[in-house]
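Student: Please find structure34.cif (mmCIF, C-alpha atoms) on the next line:
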data_structure
loop_
_atom_site.label_atom_id
_atom_site.label_comp_id
_atom_site.auth_asym_id
_atom_site.auth_seq_id
_atom_site.Cartn_x
_atom_site.Cartn_y
_atom_site.Cartn_z
CA MET U 1 -88.09 -39.03 16.01
CA THR U 2 -89.40 -42.56 16.27
CA ASP U 3 -90.80 -43.93 19.48
CA GLU U 4 -88.10 -46.57 19.52
CA LEU U 5 -85.35 -43.98 19.57
CA LEU U 6 -87.19 -41.98 22.14
CA HIS U 7 -87.68 -45.05 24.26
CA THR U 8 -84.00 -45.82 24.12
CA ARG U 9 -83.20 -42.38 25.37
CA VAL U 10 -85.67 -42.31 28.20
CA VAL U 11 -85.07 -45.60 29.92
CA PRO U 12 -85.46 -44.25 33.42
CA ALA U 13 -82.49 -43.78 35.62
CA ARG U 14 -82.70 -43.83 39.40
CA GLY U 15 -82.83 -40.81 41.63
CA PRO U 16 -85.16 -38.01 42.53
CA SER U 17 -84.75 -36.13 39.23
CA GLU U 18 -85.56 -39.03 36.95
CA TYR U 19 -89.21 -38.02 36.72
CA GLU U 20 -88.26 -34.56 35.48
CA GLU U 21 -85.82 -36.09 33.02
CA PHE U 22 -88.51 -38.39 31.73
CA VAL U 23 -90.99 -35.55 31.30
CA ALA U 24 -88.39 -33.41 29.55
CA ALA U 25 -87.52 -36.20 27.14
CA THR U 26 -91.07 -37.19 26.27
CA SER U 27 -93.36 -34.22 26.79
CA THR U 28 -93.06 -32.65 23.35
CA ARG U 29 -93.97 -35.95 21.73
CA MET U 30 -96.89 -36.34 24.12
CA LEU U 31 -98.06 -32.79 23.57
CA ARG U 32 -98.00 -33.27 19.81
CA THR U 33 -100.03 -36.43 20.25
CA ALA U 34 -102.50 -34.54 22.41
CA VAL U 35 -102.79 -31.73 19.88
CA LEU U 36 -103.58 -34.23 17.14
CA LEU U 37 -106.18 -35.84 19.38
CA THR U 38 -107.87 -32.74 20.74
CA GLY U 39 -107.22 -30.26 17.95
CA ASP U 40 -106.64 -27.56 20.54
CA ARG U 41 -103.34 -26.52 22.06
CA HIS U 42 -104.74 -25.47 25.43
CA VAL U 43 -106.91 -28.55 25.83
CA ALA U 44 -103.90 -30.62 24.81
CA GLU U 45 -101.70 -28.98 27.43
CA ASP U 46 -104.28 -29.74 30.13
CA LEU U 47 -104.48 -33.34 28.96
CA VAL U 48 -100.71 -33.75 28.96
CA GLN U 49 -100.29 -32.15 32.36
CA SER U 50 -102.94 -34.36 33.93
CA THR U 51 -101.36 -37.38 32.24
CA TYR U 52 -97.95 -36.62 33.69
CA ALA U 53 -99.56 -35.97 37.07
CA GLN U 54 -100.88 -39.54 36.95
CA VAL U 55 -97.46 -40.72 35.87
CA PHE U 56 -95.98 -38.95 38.89
CA VAL U 57 -98.47 -40.62 41.22
CA ARG U 58 -97.54 -44.02 39.78
CA TRP U 59 -93.91 -43.26 39.12
CA ARG U 60 -92.55 -46.26 40.97
CA LEU U 61 -94.64 -48.43 38.67
CA VAL U 62 -94.03 -46.45 35.49
CA ARG U 63 -90.27 -46.40 35.86
CA ARG U 64 -90.22 -50.16 36.07
CA ALA U 65 -92.46 -50.65 33.07
CA GLU U 66 -90.97 -52.24 30.00
CA SER U 67 -91.62 -48.98 28.18
CA PRO U 68 -92.39 -45.96 30.35
CA LEU U 69 -93.19 -44.05 27.19
CA ALA U 70 -95.82 -46.59 26.12
CA TYR U 71 -97.26 -46.57 29.63
CA THR U 72 -97.57 -42.79 29.52
CA ARG U 73 -99.06 -42.83 26.03
CA THR U 74 -101.66 -45.33 27.21
CA ILE U 75 -102.63 -43.10 30.11
CA LEU U 76 -102.92 -40.14 27.77
CA THR U 77 -105.07 -41.83 25.15
CA ARG U 78 -107.34 -43.45 27.70
CA ARG U 79 -107.80 -40.19 29.56
CA PHE U 80 -108.64 -38.51 26.28
CA LEU U 81 -111.22 -41.13 25.33
CA ALA U 82 -112.69 -41.28 28.82
CA ASP U 83 -113.02 -37.52 28.90
CA ARG U 84 -114.75 -37.52 25.52
CA ARG U 85 -117.18 -40.17 26.68
CA ARG U 86 -117.90 -38.26 29.87
CA ARG U 87 -118.47 -34.89 28.36
CA ARG U 88 -120.19 -35.92 25.16
CA VAL U 89 -119.72 -32.47 23.81
CA SER U 90 -118.26 -31.21 20.59
CA GLU U 91 -115.56 -33.41 19.13
CA LEU U 92 -114.03 -30.37 17.59
CA PRO U 93 -112.77 -27.62 19.88
CA LEU U 94 -111.15 -25.75 17.01
CA LEU U 95 -114.20 -25.68 14.82
CA THR U 96 -117.17 -23.44 15.11
CA GLU U 97 -120.50 -24.59 13.81
CA THR U 98 -119.82 -22.46 10.74
CA ASP U 99 -116.54 -24.24 10.12
CA ARG U 100 -118.21 -27.59 10.56
CA ALA U 101 -120.93 -26.68 8.08
CA ALA U 102 -118.31 -25.52 5.60
CA ILE U 103 -116.46 -28.81 5.82
CA THR U 104 -119.64 -30.73 5.23
CA ALA U 105 -120.77 -28.50 2.40
CA ASP U 106 -117.53 -28.23 0.50
CA PRO U 107 -115.16 -31.17 0.80
CA THR U 108 -112.67 -29.52 -1.51
CA LEU U 109 -112.23 -26.59 0.83
CA ARG U 110 -108.63 -26.46 1.95
CA LEU U 111 -108.52 -27.28 5.63
CA SER U 112 -105.77 -28.11 8.01
CA LEU U 113 -105.23 -31.67 9.07
CA LEU U 114 -106.20 -30.78 12.63
CA GLN U 115 -109.53 -29.44 11.47
CA VAL U 116 -110.27 -32.53 9.42
CA LEU U 117 -109.14 -34.85 12.19
CA GLY U 118 -111.55 -32.97 14.38
CA THR U 119 -114.45 -34.09 12.23
CA LEU U 120 -113.71 -37.74 12.99
CA PRO U 121 -115.09 -39.59 15.99
CA ALA U 122 -112.65 -39.48 18.89
CA LEU U 123 -111.98 -43.20 18.73
CA ASP U 124 -111.21 -43.11 14.99
CA ARG U 125 -108.91 -40.16 15.52
CA THR U 126 -107.11 -42.02 18.30
CA VAL U 127 -106.65 -45.06 16.11
CA LEU U 128 -105.13 -42.96 13.34
CA VAL U 129 -102.81 -41.08 15.67
CA LEU U 130 -101.53 -44.24 17.34
CA ARG U 131 -101.24 -46.12 14.07
CA TYR U 132 -99.60 -43.45 11.95
CA PHE U 133 -98.12 -40.77 14.20
CA HIS U 134 -96.72 -43.32 16.63
CA ASP U 135 -96.28 -46.03 14.01
CA LEU U 136 -97.71 -48.70 16.30
CA PRO U 137 -98.75 -52.11 14.97
CA VAL U 138 -102.48 -52.68 14.59
CA ALA U 139 -102.46 -55.22 17.40
CA GLU U 140 -100.97 -52.71 19.81
CA VAL U 141 -103.36 -49.96 18.78
CA ALA U 142 -106.30 -52.33 19.16
CA ALA U 143 -105.19 -53.34 22.64
CA GLN U 144 -104.72 -49.76 23.69
CA VAL U 145 -108.21 -48.65 22.69
CA ASP U 146 -109.97 -51.89 23.63
CA LEU U 147 -110.94 -52.91 20.11
CA SER U 148 -110.50 -56.12 18.19
CA GLU U 149 -107.83 -55.99 15.50
CA SER U 150 -110.43 -56.26 12.76
CA ALA U 151 -112.51 -53.46 14.25
CA CYS U 152 -109.38 -51.37 14.54
CA ARG U 153 -108.52 -51.94 10.87
CA THR U 154 -112.06 -51.07 9.85
CA ARG U 155 -112.01 -47.84 11.80
CA ALA U 156 -108.62 -46.87 10.40
CA SER U 157 -109.73 -47.61 6.87
CA ARG U 158 -112.96 -45.66 7.26
CA ALA U 159 -111.17 -42.72 8.85
CA LEU U 160 -108.54 -42.66 6.09
CA ALA U 161 -111.29 -42.62 3.49
CA ARG U 162 -112.81 -39.58 5.16
CA LEU U 163 -109.45 -37.85 5.28
CA ARG U 164 -108.98 -38.49 1.58
CA THR U 165 -112.03 -36.42 0.76
CA HIS U 166 -109.97 -33.45 1.95
CA PHE U 167 -106.51 -34.76 1.13
CA PRO U 168 -106.89 -36.64 -2.16
CA ASP U 169 -103.13 -37.11 -2.45
CA LEU U 170 -103.00 -39.14 0.71
CA ALA U 171 -101.12 -42.33 -0.12
CA ASP U 172 -102.38 -45.80 0.67
CA GLN U 173 -100.81 -47.04 3.87
CA ALA U 174 -101.05 -50.47 5.39
CA MET Z 175 -98.23 -37.80 0.68
CA LEU Z 176 -98.16 -40.05 3.74
CA LEU Z 177 -100.40 -39.48 6.71
CA ASN Z 178 -97.56 -39.71 9.19
CA GLU Z 179 -95.74 -36.94 7.31
CA LEU Z 180 -98.88 -34.87 7.27
CA MET Z 181 -99.25 -35.35 11.00
CA ASP Z 182 -95.60 -34.51 11.66
CA ASP Z 183 -95.98 -31.30 9.69
CA ALA Z 184 -99.20 -30.35 11.44
CA VAL Z 185 -97.59 -30.38 14.88
CA ALA Z 186 -93.99 -29.56 13.98
CA ASP Z 187 -94.12 -26.24 15.78
CA VAL Z 188 -95.63 -27.69 18.95
CA VAL Z 189 -93.07 -27.80 21.75
CA ALA Z 190 -93.80 -28.55 25.38
CA ASP Z 191 -93.21 -25.94 28.03
CA PRO Z 192 -90.22 -26.87 30.21
CA ALA Z 193 -92.32 -25.95 33.24
CA LEU Z 194 -94.58 -28.92 32.55
CA ALA Z 195 -92.61 -31.23 34.82
CA VAL Z 196 -93.00 -28.87 37.77
CA ALA Z 197 -96.70 -28.29 37.12
CA SER Z 198 -97.50 -31.97 36.67
CA ARG Z 199 -95.49 -32.92 39.76
CA ARG Z 200 -97.46 -30.37 41.77
CA GLN Z 201 -100.72 -31.77 40.42
CA GLY Z 202 -99.52 -35.30 41.16
CA LEU Z 203 -98.69 -34.40 44.75
CA SER Z 204 -102.17 -32.94 45.11
CA ILE Z 205 -103.69 -36.18 43.84
CA ARG Z 206 -101.63 -38.16 46.33
CA ARG Z 207 -102.73 -35.96 49.22
CA THR Z 208 -106.36 -36.30 48.19
CA ARG Z 209 -106.09 -40.07 47.94
CA ARG Z 210 -104.50 -40.34 51.36
CA ALA Z 211 -107.22 -38.20 52.89
CA LEU Z 212 -109.95 -40.24 51.21
CA ALA Z 213 -108.28 -43.47 52.26
CA THR Z 214 -108.20 -42.41 55.87
CA VAL Z 215 -111.88 -41.49 55.75
CA GLY Z 216 -112.62 -44.79 54.01
CA ALA Z 217 -110.79 -46.74 56.67
CA MET Z 218 -112.78 -45.01 59.39
CA VAL Z 219 -116.04 -45.80 57.62
CA VAL Z 220 -115.12 -49.44 57.26
CA VAL Z 221 -114.13 -49.74 60.87
CA GLY Z 222 -117.13 -47.80 62.06
CA ALA Z 223 -119.45 -50.12 60.19
CA GLY Z 224 -117.81 -53.06 61.89
CA THR Z 225 -117.13 -54.65 58.53
CA ALA Z 226 -114.74 -57.57 58.49
CA LEU Z 227 -113.72 -60.15 55.99
CA ALA Z 228 -113.89 -63.75 57.01
CA LEU Z 229 -110.39 -65.04 57.37
CA PRO Z 230 -109.62 -68.65 58.16
CA GLY Z 231 -110.26 -68.96 61.83
CA GLY Z 232 -113.07 -66.45 61.84
CA ALA Z 233 -113.38 -62.93 63.07
CA ASP Z 234 -112.58 -63.91 66.63
CA SER Z 235 -109.01 -64.77 65.80
CA ALA Z 236 -106.70 -62.15 67.19
CA PRO Z 237 -104.87 -60.03 66.50
CA VAL Z 238 -106.61 -59.03 63.30
CA ALA Z 239 -106.18 -55.79 61.43
CA ARG Z 240 -109.56 -54.85 60.03
CA ASP Z 241 -108.04 -52.14 57.96
CA VAL Z 242 -104.82 -50.24 57.74
CA PRO Z 243 -103.99 -46.94 56.12
CA ARG Z 244 -104.19 -47.03 52.36
CA SER Z 245 -100.66 -45.85 51.73
CA VAL Z 246 -98.41 -48.33 53.42
CA GLN Z 247 -95.31 -47.95 51.34
CA PRO Z 248 -92.61 -47.48 53.96
CA ALA Z 249 -89.28 -45.84 53.55
CA PRO Z 250 -86.57 -48.08 52.09
CA LEU Z 251 -86.36 -51.17 54.23
CA SER Z 252 -83.68 -51.10 56.90
CA GLY Z 253 -83.22 -54.84 56.87
CA GLU Z 254 -84.24 -55.17 60.51
CA MET Z 255 -86.71 -57.97 61.15
CA VAL Z 256 -89.13 -57.91 64.07
CA PRO Z 257 -91.83 -60.34 65.23
CA ILE Z 258 -94.70 -60.60 62.77
CA THR Z 259 -98.11 -59.13 63.52
CA GLY Z 260 -101.39 -59.46 61.65
CA PRO Z 261 -101.59 -55.77 60.82
CA GLY Z 262 -97.95 -55.86 59.79
CA ALA Z 263 -98.61 -58.76 57.41
CA ALA Z 264 -101.50 -56.79 55.89
CA ALA Z 265 -99.30 -53.73 55.46
CA ALA Z 266 -96.58 -55.86 53.89
CA LEU Z 267 -99.03 -57.45 51.44
CA ALA Z 268 -100.49 -54.07 50.50
CA ALA Z 269 -97.06 -52.62 49.88
CA ALA Z 270 -96.07 -55.60 47.78
CA VAL Z 271 -99.26 -55.43 45.74
CA GLU Z 272 -98.96 -51.70 45.22
CA ASP Z 273 -95.44 -52.27 44.04
CA VAL Z 274 -96.46 -54.53 41.17
CA SER Z 275 -99.83 -53.14 40.19
CA SER Z 276 -101.72 -49.95 39.61
CA GLY Z 277 -104.98 -49.76 41.48
CA THR Z 278 -106.73 -49.17 44.78
CA VAL Z 279 -106.40 -51.53 47.70
CA SER Z 280 -109.04 -51.76 50.40
CA ARG Z 281 -110.37 -53.99 53.19
CA LEU Z 282 -106.94 -54.95 54.38
CA GLN Z 283 -106.74 -57.66 57.01
CA GLY Z 284 -103.93 -59.55 58.56
CA ASP Z 285 -103.90 -62.38 61.04
CA THR Z 286 -101.36 -64.47 62.87
CA GLY Z 287 -101.97 -67.99 64.01
CA PRO Z 288 -105.38 -68.52 62.43
CA ILE Z 289 -104.72 -72.20 61.92
CA GLY Z 290 -101.83 -72.99 64.18
CA PRO Z 291 -98.80 -71.39 65.76
CA ALA Z 292 -96.22 -69.64 63.65
CA GLU Z 293 -98.53 -69.03 60.74
CA ALA Z 294 -99.81 -65.82 59.30
CA SER Z 295 -102.06 -64.61 56.56
CA ALA Z 296 -103.21 -61.34 55.11
CA GLU Z 297 -105.63 -60.30 52.46
CA LEU Z 298 -107.05 -57.29 50.71
CA LEU Z 299 -109.21 -56.28 47.79
CA LEU Z 300 -107.56 -54.76 44.76
CA LEU Z 301 -109.44 -52.64 42.24
CA PRO Z 302 -107.15 -52.18 39.22
CA ASP Z 303 -107.03 -48.80 37.53
CA THR Z 304 -107.49 -50.35 34.12
CA SER Z 305 -110.31 -52.55 32.82
CA SER Z 306 -113.67 -52.89 34.49
CA GLY Z 307 -115.31 -55.14 37.01
CA PRO Z 308 -115.33 -55.68 40.75
CA ALA Z 309 -112.32 -55.59 43.03
CA GLY Z 310 -110.52 -58.90 43.30
CA ARG Z 311 -109.40 -60.70 46.43
CA VAL Z 312 -105.66 -61.03 46.99
CA MET Z 313 -104.29 -63.15 49.80
CA VAL Z 314 -100.98 -64.35 51.18
CA ASN Z 315 -100.59 -67.36 53.44
CA LEU Z 316 -97.35 -67.93 55.32
CA GLN Z 317 -97.28 -71.54 56.45
CA PRO Z 318 -94.97 -74.36 57.47
CA LEU Z 319 -93.27 -76.05 54.54
CA SER Z 320 -94.99 -79.33 55.42
CA LEU Z 321 -98.27 -77.96 54.09
CA GLY Z 322 -96.75 -77.80 50.62
CA GLY Z 323 -97.28 -81.50 50.07
CA PRO Z 324 -94.83 -84.27 49.32
CA THR Z 325 -91.58 -83.71 47.51
CA PRO Z 326 -90.68 -83.51 44.73
CA TYR Z 327 -93.25 -80.80 44.24
CA THR Z 328 -95.48 -81.47 41.27
CA CYS Z 329 -98.76 -80.29 39.79
CA ASP Z 330 -101.92 -81.79 41.21
CA ALA Z 331 -104.09 -82.24 38.15
CA ARG Z 332 -107.22 -82.50 40.29
CA TYR Z 333 -107.36 -78.75 40.74
CA MET Z 334 -104.24 -77.16 39.24
CA THR Z 335 -104.42 -76.02 35.64
CA ARG Z 336 -101.78 -74.23 33.57
CA CYS Z 337 -99.38 -75.40 36.25
CA ASP Z 338 -95.63 -74.85 36.20
CA VAL Z 339 -92.98 -75.94 38.69
CA ARG Z 340 -89.43 -74.68 38.66
CA THR Z 341 -86.44 -74.32 40.95
CA LEU Z 342 -85.38 -70.83 41.93
CA PRO Z 343 -81.82 -69.70 42.53
CA GLY Z 344 -81.06 -70.64 46.13
CA GLY Z 345 -83.00 -73.87 46.00
CA ASP Z 346 -86.57 -72.71 46.62
CA THR Z 347 -89.32 -74.15 44.42
CA LEU Z 348 -91.80 -71.95 42.61
CA ARG Z 349 -95.14 -73.47 41.67
CA THR Z 350 -97.68 -71.42 39.72
CA TYR Z 351 -101.10 -72.53 38.61
CA HIS Z 352 -104.72 -71.56 38.12
CA ASP Z 353 -107.51 -72.94 40.23
CA ASP Z 354 -110.73 -71.73 38.65
CA ALA Z 355 -114.41 -72.36 39.33
CA ASP Z 356 -114.09 -72.19 43.11
CA THR Z 357 -117.12 -73.86 44.61
CA GLU Z 358 -117.53 -71.04 47.12
CA TYR Z 359 -117.41 -68.25 44.55
CA GLY Z 360 -119.01 -69.91 41.54
CA ALA Z 361 -118.18 -71.38 38.17
CA ALA Z 362 -117.05 -68.07 36.70
CA SER Z 363 -114.51 -67.45 39.43
CA GLN Z 364 -110.82 -67.51 38.62
CA ARG Z 365 -107.90 -67.87 40.96
CA ALA Z 366 -104.25 -67.48 39.97
CA VAL Z 367 -101.71 -68.80 42.44
CA ALA Z 368 -97.97 -68.44 43.00
CA GLU Z 369 -96.43 -70.65 45.66
CA VAL Z 370 -92.87 -70.56 46.97
CA LEU Z 371 -91.68 -73.61 48.87
CA SER Z 372 -88.53 -72.79 50.78
CA PRO Z 373 -86.68 -75.55 52.66
CA SER Z 374 -84.08 -73.10 53.96
CA ARG Z 375 -86.77 -70.96 55.58
CA HIS Z 376 -89.07 -73.88 56.42
CA LEU Z 377 -91.69 -71.79 54.73
CA ARG Z 378 -94.51 -72.08 52.27
CA VAL Z 379 -95.66 -68.77 50.79
CA VAL Z 380 -98.93 -68.91 48.88
CA VAL Z 381 -100.13 -65.78 47.15
CA PHE Z 382 -103.30 -65.81 45.12
CA ALA Z 383 -105.49 -63.33 43.29
CA MET Z 384 -109.08 -63.74 42.17
CA ASN Z 385 -111.34 -62.08 39.64
CA GLY Z 386 -113.97 -61.14 42.19
CA ASN Z 387 -114.69 -60.95 45.89
CA ALA Z 388 -117.12 -62.21 48.47
CA PHE Z 389 -118.92 -58.88 48.69
CA GLU Z 390 -119.99 -58.84 45.06
CA ARG Z 391 -121.16 -62.37 44.49
CA GLY Z 392 -121.85 -63.29 40.91
CA SER Z 393 -119.82 -60.38 39.55
CA PHE Z 394 -116.47 -61.19 38.02
CA ARG Z 395 -113.74 -59.54 36.01
CA ASP Z 396 -112.46 -61.13 32.84
CA GLU Z 397 -109.16 -61.91 34.53
CA THR Z 398 -107.71 -62.10 38.00
CA VAL Z 399 -106.61 -58.74 39.39
CA LEU Z 400 -102.98 -59.85 39.44
CA ASP Z 401 -101.48 -62.11 36.82
CA ILE Z 402 -99.02 -64.90 37.45
CA ASP Z 403 -95.96 -62.70 36.91
CA GLN Z 404 -97.21 -60.15 39.43
CA LEU Z 405 -98.04 -62.90 41.93
CA VAL Z 406 -94.59 -64.39 41.50
CA ALA Z 407 -93.06 -60.98 42.19
CA VAL Z 408 -95.00 -60.80 45.46
CA ALA Z 409 -94.44 -64.41 46.52
CA THR Z 410 -90.69 -64.33 45.92
CA LEU Z 411 -90.02 -61.30 48.10
CA PRO Z 412 -87.12 -62.46 50.25
CA TRP Z 413 -88.41 -61.22 53.58
CA TRP Z 414 -91.58 -63.32 53.85
CA SER Z 415 -91.46 -65.38 57.02
CA ARG Z 416 -93.93 -67.07 59.35
CA THR Z 417 -92.47 -65.36 62.39
CA GLU Z 418 -90.93 -62.06 61.34
CA LEU Z 419 -91.40 -59.11 59.04
CA PRO Z 420 -89.37 -56.03 58.15
CA ARG Z 421 -89.73 -53.53 60.99
CA GLU Z 422 -91.18 -50.90 58.66
CA TYR Z 423 -94.21 -53.02 57.80
CA VAL Z 424 -94.91 -53.94 61.39
CA GLU Z 425 -94.72 -50.25 62.28
CA ALA Z 426 -97.06 -49.38 59.41
CA GLY Z 427 -99.46 -52.02 60.66
CA ALA Z 428 -99.23 -50.71 64.22
CA ASN Z 429 -100.64 -47.45 62.99
CA SER Z 430 -103.65 -49.26 61.60
CA ARG Z 431 -107.10 -48.66 62.95
CA THR Z 432 -108.37 -51.65 64.83
CA PRO Z 433 -111.90 -51.94 66.13
CA SER Z 434 -112.45 -51.42 69.82
#
Translate this structure into structure tokens?
Tutor:
Amino acid sequence: MTDELLHTRVVPARGPSEYEEFVAATSTRMLRTAVLLTGDRHVAEDLVQSTYAQVFVRWRLVRRAESPLAYTRTILTRRFLADRRRRRVSELPLLTETDRAAITADPTLRLSLLQVLGTLPALDRTVLVLRYFHDLPVAEVAAQVDLSESACRTRASRALARLRTHFPDLADQA
Amino acid sequence: MLLNELMDDAVADVVADPALAVASRRQGLSIRRTRRALATVGAMVVVGAGTALALPGGADSAPVARDVPRSVQPAPLSGEMVPITGPGAAAALAAAVEDVSSGTVSRLQGDTGPIGPAEASAELLLLPDTSSGPAGRVMVNLQPLSLGGPTPYTCDARYMTRCDVRTLPGGDTLRTYHDDADTEYGAASQRAVAEVLSPSRHLRVVVFAMNGNAFERGSFRDETVLDIDQLVAVATLPWWSRTELPREYVEAGANSRTPS
């Protein structure tokens, strides 16, 4: 489902249940985004819940936003990046040190996308997820992660190149 | 193979728990309660320290609200107007700012009659949730229309940049502009202004936001804490008046903590 379609469906209505309706309509998409970012289902669920908690706190503002979905996605990605900066711990919850060594040692080893994404810096991973999973224009991705457009393109290109070492069939994408 | 397809496949079996809305709402309510508690403590600290912003007319002008509770969003407005108070003006400004922005307001102050009779002003500091930098000053002045200058209203090139003047439905005039490099704050200071000139209400509403504040001299954000669109939304609220405010805001202000 594209974000545009989703957005069309979740234009907020008025009334006390609109928050629940919004969460119901968008949470699977947000959780999938969080899984791609964190590589871990439980960490992703915590991230999504705390994101929607912030959305609830600011609901009067979110519901009036041009795109409540985009607003929520921004909160989620920024919380993810801020948390990574704060903790400065492993970028890869799913991977053990053994897994990580295996990836480094044998690039042809068949790994899941989540595992390979987990080897990328958090910011690069975020750029890829916003650019390709959410199909956002480079300018919008750049604005969301506080990068220049050229820096954003560079990071995306570099991250794609690293993915290709594990997924050689990955097609060129603008 | 496209990356977006690969990503879709990787998370195709991920489905959110329907209980998420309930859990996140509960967490959100907890955050709200915590913020309110912290805001109350913060207000007490500010008052206890005797801190006050310098409003036109000085700290001796009365009545002045040194601070009011952080959460001043009242219930839906009843439409009843009551005589304006300084604390009520501060509560009204805070509610209006919270309505158009996402951030933390502090150091609320309101004043009536600082310059002459039937005038009011209020100000606060707003620290936006996004981007970095110091809190920015936000102020509303409610003045007689005569202070708006001669008609027709135009842009004064001596200090107004990026200026725009237009007529609003109902006949009011909206003037927006930037007035940067304030001599008091420094060359890096920015001020965005929205001004409503209302002949029918004999009222001039001036709302401005800055990219810094008097407490953090020399420190500025890249942009003002409210942009022109947000300022216009605040300035064009229909209930601004020099003499009255919605009852709910005056009541919210009455609950404010004023110094003894």
Student: Output as an MDAnalysis selection string the set of chain Z residues within 7 Å of chain U, with distances taken over all atoms listed in the file.
Tutor: chainID Z and resid 175:178 181 184:185 188:190 192 194:195 198:199 201:202 206 273:274
Student: What does the distance from atom CA of Z:Tyr423 to atom CA of Z:Gly260 come to in Å, to one decimal?
Tutor: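 Those two atoms sit 10.4 Å apart.
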Student: Skipping near chain neighbours, those fewer than 5 positions away, what residues fall within 9 Å of Z:Arg336 using all atoms listed in the file, listed as a ChimeraX atom specification?
Tutor: /Z:350-353
Student: For atom CA of U:Gln144 and atom CA of Z:Ser306, determine how far apart the two atoms are, in Å to one decimal place.
Tutor: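 Atom CA of Z:Ser306 lies at a distance of 14.4 Å from atom CA of U:Gln144.
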Student: Can you tell me, as number ranges by chain, what residues are no more than 6 Å from Z:Phe382 when counting all atoms listed in the file, ignoring any on the same chain fewer than 5 positions away?
Tutor: Z: 312-313, 366-367
Student: Have a look at Z:Glu390, Z:Leu316, Z:Gly284, Z:Arg349 and name the one nearest to Z:Asp330; count only C-alpha atoms.
Tutor: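 Counting only C-alpha atoms, the residue closest to Z:Asp330 is Z:Arg349.
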Student: Run through the PyMOL selection byres ((chain Z and resi 320) around 12) on the given coordinates and return the selected residues as a list in words.
Tutor: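 Output of the PyMOL selection byres ((chain Z and resi 320) around 12): Leu316, Gln317, Pro318, Leu319, Leu321, Gly322, Gly323, Pro324, Thr325, Tyr327, Leu371, Ser372, Pro373, Arg375, His376, Leu377, Arg378 and Val379 of chain Z.
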Student: For atom CA of Z:Thr410 and atom CA of Z:Gly262, quote the distance in Å rounded to one decimal.
Tutor: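 These two atoms are separated by 17.8 Å.
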Student: Please evaluate the PyMOL selection byres ((chain Z and resi 411-421) around 10) against the displayed coordinates and give the resulting residues as a PDB file with C-alpha atoms, keeping the file's coordinate frame.
Tutor:
ATOM      1  CA  PRO Z 248     -92.610 -47.480  53.960  1.00  0.00           C
ATOM      2  CA  LEU Z 251     -86.360 -51.170  54.230  1.00  0.00           C
ATOM      3  CA  SER Z 252     -83.680 -51.100  56.900  1.00  0.00           C
ATOM      4  CA  GLY Z 253     -83.220 -54.840  56.870  1.00  0.00           C
ATOM      5  CA  GLU Z 254     -84.240 -55.170  60.510  1.00  0.00           C
ATOM      6  CA  MET Z 255     -86.710 -57.970  61.150  1.00  0.00           C
ATOM      7  CA  VAL Z 256     -89.130 -57.910  64.070  1.00  0.00           C
ATOM      8  CA  PRO Z 257     -91.830 -60.340  65.230  1.00  0.00           C
ATOM      9  CA  ILE Z 258     -94.700 -60.600  62.770  1.00  0.00           C
ATOM     10  CA  THR Z 259     -98.110 -59.130  63.520  1.00  0.00           C
ATOM     11  CA  GLY Z 262     -97.950 -55.860  59.790  1.00  0.00           C
ATOM     12  CA  ALA Z 263     -98.610 -58.760  57.410  1.00  0.00           C
ATOM     13  CA  ALA Z 266     -96.580 -55.860  53.890  1.00  0.00           C
ATOM     14  CA  LEU Z 267     -99.030 -57.450  51.440  1.00  0.00           C
ATOM     15  CA  ALA Z 270     -96.070 -55.600  47.780  1.00  0.00           C
ATOM     16  CA  THR Z 286    -101.360 -64.470  62.870  1.00  0.00           C
ATOM     17  CA  GLY Z 287    -101.970 -67.990  64.010  1.00  0.00           C
ATOM     18  CA  PRO Z 291     -98.800 -71.390  65.760  1.00  0.00           C
ATOM     19  CA  ALA Z 292     -96.220 -69.640  63.650  1.00  0.00           C
ATOM     20  CA  GLU Z 293     -98.530 -69.030  60.740  1.00  0.00           C
ATOM     21  CA  ALA Z 294     -99.810 -65.820  59.300  1.00  0.00           C
ATOM     22  CA  SER Z 295    -102.060 -64.610  56.560  1.00  0.00           C
ATOM     23  CA  VAL Z 314    -100.980 -64.350  51.180  1.00  0.00           C
ATOM     24  CA  ASN Z 315    -100.590 -67.360  53.440  1.00  0.00           C
ATOM     25  CA  LEU Z 316     -97.350 -67.930  55.320  1.00  0.00           C
ATOM     26  CA  GLN Z 317     -97.280 -71.540  56.450  1.00  0.00           C
ATOM     27  CA  PRO Z 318     -94.970 -74.360  57.470  1.00  0.00           C
ATOM     28  CA  VAL Z 370     -92.870 -70.560  46.970  1.00  0.00           C
ATOM     29  CA  ARG Z 375     -86.770 -70.960  55.580  1.00  0.00           C
ATOM     30  CA  HIS Z 376     -89.070 -73.880  56.420  1.00  0.00           C
ATOM     31  CA  LEU Z 377     -91.690 -71.790  54.730  1.00  0.00           C
ATOM     32  CA  ARG Z 378     -94.510 -72.080  52.270  1.00  0.00           C
ATOM     33  CA  VAL Z 379     -95.660 -68.770  50.790  1.00  0.00           C
ATOM     34  CA  VAL Z 406     -94.590 -64.390  41.500  1.00  0.00           C
ATOM     35  CA  ALA Z 407     -93.060 -60.980  42.190  1.00  0.00           C
ATOM     36  CA  VAL Z 408     -95.000 -60.800  45.460  1.00  0.00           C
ATOM     37  CA  ALA Z 409     -94.440 -64.410  46.520  1.00  0.00           C
ATOM     38  CA  THR Z 410     -90.690 -64.330  45.920  1.00  0.00           C
ATOM     39  CA  GLU Z 422     -91.180 -50.900  58.660  1.00  0.00           C
ATOM     40  CA  TYR Z 423     -94.210 -53.020  57.800  1.00  0.00           C
ATOM     41  CA  VAL Z 424     -94.910 -53.940  61.390  1.00  0.00           C
ATOM     42  CA  GLU Z 425     -94.720 -50.250  62.280  1.00  0.00           C
ATOM     43  CA  ALA Z 426     -97.060 -49.380  59.410  1.00  0.00           C
ATOM     44  CA  GLY Z 427     -99.460 -52.020  60.660  1.00  0.00           C
TER      45      GLY Z 427
END
